[in-house]
$ cat structure.cif   # mmCIF, C-alpha atoms
data_model
loop_
_atom_site.label_atom_id
_atom_site.label_comp_id
_atom_site.auth_asym_id
_atom_site.auth_seq_id
_atom_site.Cartn_x
_atom_site.Cartn_y
_atom_site.Cartn_z
CA MET A 1 77.21 3.84 184.62
CA LYS A 2 80.84 4.69 183.96
CA PHE A 3 83.50 4.22 186.60
CA ILE A 4 86.96 5.73 186.56
CA LEU A 5 89.51 3.26 187.86
CA PHE A 6 92.34 4.74 189.89
CA PHE A 7 95.33 2.82 191.17
CA LYS A 8 96.94 4.39 194.20
CA LYS A 9 100.52 3.16 194.46
CA TYR A 10 102.68 3.37 197.58
CA SER A 11 106.29 2.27 197.55
CA ALA A 12 109.04 2.50 200.12
CA LYS A 13 111.74 0.92 202.21
CA ALA A 14 112.40 1.27 205.92
CA ALA A 15 115.76 1.05 207.65
CA PRO A 16 115.90 -1.81 210.20
CA SER A 17 115.76 0.56 213.18
CA TYR A 18 113.14 2.93 211.71
CA THR A 19 110.18 1.47 213.55
CA TYR A 20 107.83 4.38 212.83
CA ALA A 21 108.31 3.94 209.07
CA LYS A 22 107.58 0.24 209.49
CA SER A 23 104.37 1.13 211.33
CA ILE A 24 103.25 3.36 208.47
CA ILE A 25 104.03 0.63 205.93
CA LYS A 26 102.05 -1.86 207.99
CA ALA A 27 99.11 0.56 208.19
CA ILE A 28 99.15 1.13 204.42
CA ASN A 29 99.04 -2.59 203.78
CA GLU A 30 96.13 -3.06 206.19
CA VAL A 31 94.27 -0.21 204.47
CA ALA A 32 94.91 -2.02 201.20
CA ASN A 33 93.51 -5.27 202.60
CA LEU A 34 90.42 -3.49 203.90
CA ILE A 35 89.67 -1.67 200.65
CA ASN A 36 90.68 -4.35 198.17
CA GLN A 37 88.54 -7.00 199.89
CA ASP A 38 85.46 -4.80 200.26
CA ALA A 39 82.77 -6.07 197.90
CA THR A 40 80.93 -2.73 197.97
CA ILE A 41 83.98 -1.02 196.48
CA ASN A 42 84.63 -3.89 194.07
CA ASP A 43 86.92 -2.69 191.24
CA ARG A 44 86.37 1.05 191.62
CA MET A 45 89.55 1.59 193.60
CA LYS A 46 92.62 -0.44 194.53
CA VAL A 47 95.43 0.32 196.95
CA VAL A 48 98.72 -1.22 195.88
CA PHE A 49 101.92 -1.19 197.93
CA LEU A 50 105.05 -1.73 195.83
CA GLU A 51 107.83 -3.27 197.86
CA ASN A 52 111.53 -2.40 197.76
CA TYR A 53 111.31 0.78 195.72
CA ASN A 54 114.39 1.29 193.55
CA VAL A 55 115.46 2.83 190.25
CA SER A 56 114.37 -0.16 188.18
CA LEU A 57 110.89 -0.03 189.69
CA ALA A 58 110.78 3.75 189.26
CA GLU A 59 111.45 3.32 185.54
CA LYS A 60 108.19 1.40 185.30
CA ILE A 61 105.84 3.34 187.55
CA ILE A 62 106.91 6.95 186.88
CA PRO A 63 105.94 6.90 183.16
CA ALA A 64 102.60 5.30 184.14
CA ALA A 65 101.66 7.92 186.74
CA ASP A 66 98.95 10.51 186.11
CA VAL A 67 99.50 12.47 189.32
CA SER A 68 102.67 13.33 191.20
CA GLU A 69 101.92 13.88 194.89
CA GLN A 70 104.70 15.78 196.66
CA ILE A 71 103.35 16.54 200.11
CA SER A 72 106.31 17.28 202.36
CA LEU A 73 105.79 20.08 204.87
CA ALA A 74 106.81 23.44 203.41
CA THR A 75 110.33 24.40 204.61
CA LYS A 76 111.41 20.75 204.99
CA GLU A 77 112.31 20.34 201.28
CA ALA A 78 111.87 16.60 201.39
CA SER A 79 110.48 16.12 197.88
CA GLY A 80 113.78 15.03 196.33
CA THR A 81 113.93 14.72 192.54
CA ASN A 82 111.05 12.35 191.84
CA ASN A 83 108.77 15.32 191.25
CA MET A 84 111.01 16.39 188.35
CA LYS A 85 111.04 12.89 186.82
CA LEU A 86 107.27 12.59 187.11
CA MET A 87 106.81 16.03 185.57
CA ALA A 88 109.00 15.08 182.60
CA ASN A 89 106.85 12.01 182.03
CA GLY A 90 103.63 14.03 181.96
CA ALA A 91 102.33 13.58 185.49
CA VAL A 92 100.47 16.58 186.88
CA THR A 93 101.88 17.73 190.20
CA MET A 94 99.81 18.01 193.37
CA ALA A 95 102.03 19.52 196.02
CA THR A 96 102.85 21.70 198.93
CA MET A 97 105.03 24.70 198.19
CA ASP A 98 108.26 22.99 199.15
CA GLY A 99 111.51 22.24 197.35
CA ALA A 100 111.39 21.97 193.58
CA ASN A 101 107.59 22.18 193.63
CA VAL A 102 108.00 25.94 193.78
CA GLU A 103 110.01 25.88 190.55
CA ILE A 104 107.52 23.53 188.90
CA ARG A 105 104.69 25.96 189.60
CA ALA A 106 106.72 28.85 188.22
CA ALA A 107 107.36 26.86 185.04
CA VAL A 108 103.87 25.50 184.33
CA GLY A 109 101.68 28.23 185.86
CA ASP A 110 99.03 27.97 188.56
CA GLU A 111 96.51 26.46 186.15
CA ASN A 112 98.66 23.37 185.49
CA ILE A 113 99.52 22.34 189.03
CA TYR A 114 97.53 21.69 192.22
CA THR A 115 98.95 23.32 195.34
CA PHE A 116 97.79 23.31 198.94
CA GLY A 117 98.99 23.58 202.49
CA LEU A 118 100.92 25.80 204.84
CA THR A 119 103.66 28.12 203.60
CA GLU A 120 105.08 30.95 205.70
CA GLU A 121 102.69 29.98 208.52
CA VAL A 122 105.13 27.17 209.33
CA TYR A 123 107.70 29.69 210.54
CA ARG A 124 105.14 31.39 212.76
CA TYR A 125 104.20 28.09 214.39
CA TYR A 126 107.87 27.41 215.06
CA GLU A 127 108.45 30.89 216.49
CA GLN A 128 105.30 31.11 218.59
CA GLY A 129 105.00 27.44 219.56
CA ASN A 130 101.21 27.68 219.41
CA TYR A 131 100.35 24.79 217.13
CA SER A 132 97.82 22.46 218.74
CA ALA A 133 97.01 19.17 217.06
CA GLN A 134 94.65 18.37 219.92
CA ALA A 135 92.57 21.48 219.21
CA ILE A 136 92.21 20.53 215.53
CA TYR A 137 91.26 16.99 216.51
CA ASP A 138 88.67 18.23 219.00
CA GLN A 139 87.08 20.69 216.56
CA ASP A 140 87.04 18.70 213.30
CA PRO A 141 84.81 15.59 213.26
CA VAL A 142 86.28 14.30 210.00
CA ILE A 143 89.84 14.44 211.29
CA ARG A 144 88.71 12.91 214.56
CA ARG A 145 87.11 9.98 212.72
CA VAL A 146 90.20 9.45 210.55
CA LEU A 147 92.58 9.41 213.51
CA ASN A 148 90.30 7.23 215.61
CA ALA A 149 90.37 4.65 212.82
CA PHE A 150 93.97 3.89 213.80
CA VAL A 151 93.00 2.88 217.33
CA ASP A 152 89.33 1.87 217.41
CA GLY A 153 89.53 -1.29 215.30
CA THR A 154 88.34 0.28 212.03
CA LEU A 155 91.73 -0.64 210.58
CA PRO A 156 92.37 -4.21 211.71
CA ASN A 157 95.66 -5.80 212.76
CA ILE A 158 97.47 -2.58 213.65
CA GLN A 159 96.91 -2.26 217.37
CA ARG A 160 100.53 -1.34 218.16
CA GLU A 161 101.29 0.42 214.88
CA GLY A 162 98.03 2.37 214.91
CA GLN A 163 98.63 3.58 218.44
CA GLU A 164 102.12 4.73 217.48
CA ILE A 165 100.78 6.75 214.54
CA PHE A 166 97.92 8.14 216.62
CA ASP A 167 100.30 9.23 219.40
CA SER A 168 102.69 10.86 216.96
CA LEU A 169 99.88 13.11 215.77
CA LEU A 170 98.27 13.94 219.11
CA LYS A 171 100.47 13.03 222.07
CA TYR A 172 103.56 14.45 220.35
CA ASN A 173 101.67 17.31 218.68
CA ASP A 174 102.02 16.43 215.01
CA GLU A 175 105.46 17.89 214.31
CA PHE A 176 104.83 18.07 210.54
CA PHE A 177 101.47 19.83 210.92
CA LEU A 178 99.64 17.11 209.00
CA LEU A 179 96.31 17.82 210.64
CA LYS A 180 96.43 21.46 209.61
CA ASP A 181 97.05 20.49 205.98
CA PHE A 182 94.55 17.62 205.92
CA THR A 183 91.41 19.55 204.90
CA PRO A 184 93.17 21.57 202.15
CA TYR A 185 94.62 18.28 200.89
CA CYS A 186 91.15 16.73 200.64
CA GLU A 187 89.78 19.81 198.88
CA VAL A 188 92.50 19.82 196.23
CA GLN A 189 92.07 16.07 195.76
CA ALA A 190 88.40 16.64 194.99
CA LYS A 191 89.26 19.36 192.46
CA LEU A 192 91.91 17.19 190.83
CA SER A 193 89.54 14.21 190.58
CA GLN A 194 86.92 16.37 188.89
CA ASP A 195 89.43 17.78 186.40
CA TYR A 196 90.71 14.28 185.61
CA LEU A 197 87.32 13.45 184.08
CA ASN A 198 87.86 16.22 181.51
CA ARG A 199 90.26 14.30 179.26
CA GLU A 200 91.09 17.20 176.95
CA LYS A 201 91.93 19.49 179.86
CA TRP A 202 93.96 16.80 181.60
CA GLN A 203 95.95 15.88 178.50
CA LYS A 204 96.76 19.53 177.89
CA MET A 205 98.03 19.91 181.46
CA SER A 206 100.09 16.75 181.06
CA LEU A 207 101.70 17.96 177.83
CA ILE A 208 102.51 21.35 179.34
CA ASN A 209 104.25 19.66 182.27
CA THR A 210 106.40 17.58 179.93
CA ALA A 211 107.19 20.56 177.72
CA LYS A 212 108.25 22.73 180.67
CA SER A 213 110.36 20.08 182.41
CA GLY A 214 113.52 21.08 180.55
CA ILE A 215 114.46 23.43 183.39
CA PHE A 216 115.45 20.32 185.37
CA SER A 217 117.63 18.77 182.66
CA ALA A 218 121.20 17.83 183.62
CA ASP A 219 122.69 20.03 180.88
CA TYR A 220 120.78 23.09 182.05
CA THR A 221 121.70 22.41 185.66
CA VAL A 222 125.41 22.11 184.87
CA GLN A 223 125.23 25.29 182.80
CA ARG A 224 123.71 27.22 185.70
CA TYR A 225 126.38 25.90 188.06
CA ALA A 226 129.04 26.99 185.57
CA ASP A 227 127.56 30.47 185.22
CA ASN A 228 126.49 31.26 188.78
CA ILE A 229 128.73 29.24 191.07
CA TRP A 230 131.91 28.16 189.32
CA GLN A 231 131.90 31.20 187.00
CA ILE A 232 133.63 29.37 184.18
CA ALA A 233 133.09 29.45 180.44
CA PRO A 234 132.43 26.35 178.35
CA VAL A 235 135.29 24.90 176.33
CA ASP A 236 134.86 24.40 172.58
CA LEU A 237 136.20 20.86 172.25
CA HIS A 238 136.19 20.99 168.46
CA LYS A 239 138.32 24.13 168.50
CA GLU A 240 140.71 22.61 171.03
CA LYS A 241 141.04 19.53 168.85
CA ARG A 242 141.84 21.60 165.77
CA ASN A 243 144.55 23.48 167.63
#
$ encode --input "structure.cif" --output "structure tokens"
Amino acid sequence: MKFILFFKKYSAKAAPSYTYAKSIIKAINEVANLINQDATINDRMKVVFLENYNVSLAEKIIPAADVSEQISLATKEASGTNNMKLMANGAVTMATMDGANVEIRAAVGDENIYTFGLTEEVYRYYEQGNYSAQAIYDQDPVIRRVLNAFVDGTLPNIQREGQEIFDSLLKYNDEFFLLKDFTPYCEVQAKLSQDYLNREKWQKMSLINTAKSGIFSADYTVQRYADNIWQIAPVDLHKEKRN
């Protein structure tokens, strides 16, 4: 029997006063302990949390990544520039339609990216105020089991942190609509995992992502600023020097 070994890497920092971020980091580490010490899982999957994420660490993990997950809520544009760096290094993007992910899809085509989640519906939820995390929780047994794991002892050693995460999603009505995007996220993960087993297909997607990443180069960006914003022409330095 052949097993595919995936390493799921999480890396982050939290400001001293950002208690919610600290709770999430604590929960990730407890998930890692639960999975990594489970003999039934053995070496099929590992969860690794990389501490103190910085540029030096990024230089090591970005070239090694197969998948670039960029899952900020559409309209929040919180994906930064890591998606561009991962794309340039051949990672296939799995993303919501937010920030530069939209440009990545336009560059590589729908067949070379995995997209999911809310788009313009976000605006309607804001306008109508009719989003109900509680209703999703009540109606979806999978989501209910996942959320309950934070508070029923399934995930050990996070009594306070788990309750804080649980409350943020239900008591405070899930301001980033995570529960609404959860099922589509799982579905696209399943599709991605299946495609990953087709090495020829995956390698082709990876090469296309690298080849199309030039739209995010610094030179191209400066040129677009010069043309569209500053409206200036480039200077021929060799000509200036001759004169």
$ residues_around --input "structure.cif" --residues "segment 18-32 of chain A" --least-positions-apart "6" --cutoff "12 Å" --atoms "only C-alpha atoms" --output "PyMOL selection string"
chain A and resi 7-12+38+41+45-52+149-151+153-168
$ atom_distance --input "structure.cif" --atom1 "atom CA of Phe177 of chain A" --atom2 "atom CA of Val108 of chain A"
27.3 Å
$ atom_distance --input "structure.cif" --atom1 "atom CA of Asn112 of chain A" --atom2 "atom CA of Ser213 of chain A"
12.5 Å
$ axis_aligned_box --input "structure.cif" --around "segment 148-156 of chain A" --padding-each-side "5 Å" --output "JSON"
{"center_x": 91.2, "center_y": 1.5, "center_z": 214.0, "size_x": 15.6, "size_y": 21.4, "size_z": 16.8}
$ atom_distance --input "structure.cif" --atom1 "atom CA of Gly80 of chain A" --atom2 "atom CA of Asp110 of chain A"
21.1 Å
$ resolve_selection --input "structure.cif" --expression "the PyMOL selection byres ((chain A and resi 124-128) around 12)" --output "list in words"
Thr75, Leu118, Thr119, Glu120, Glu121, Val122, Tyr123, Gly129, Asn130, Tyr131, Ser132, Ala133, Asn173, Asp174, Glu175, Phe176, Phe177 and Lys180 of chain A
$ residues_around --input "structure.cif" --residues "Ser206 of chain A" --least-positions-apart "4" --cutoff "7 Å" --atoms "only C-alpha atoms" --output "ChimeraX atom specification"
/A:90-92,202,210
$ residues_around --input "structure.cif" --residues "Asn209 of chain A" --least-positions-apart "3" --cutoff "12 Å" --atoms "all atoms listed in the file" --output "VMD selection string"
chain A and resid 66 to 68 83 to 93 103 to 113 202 to 206 212 to 216
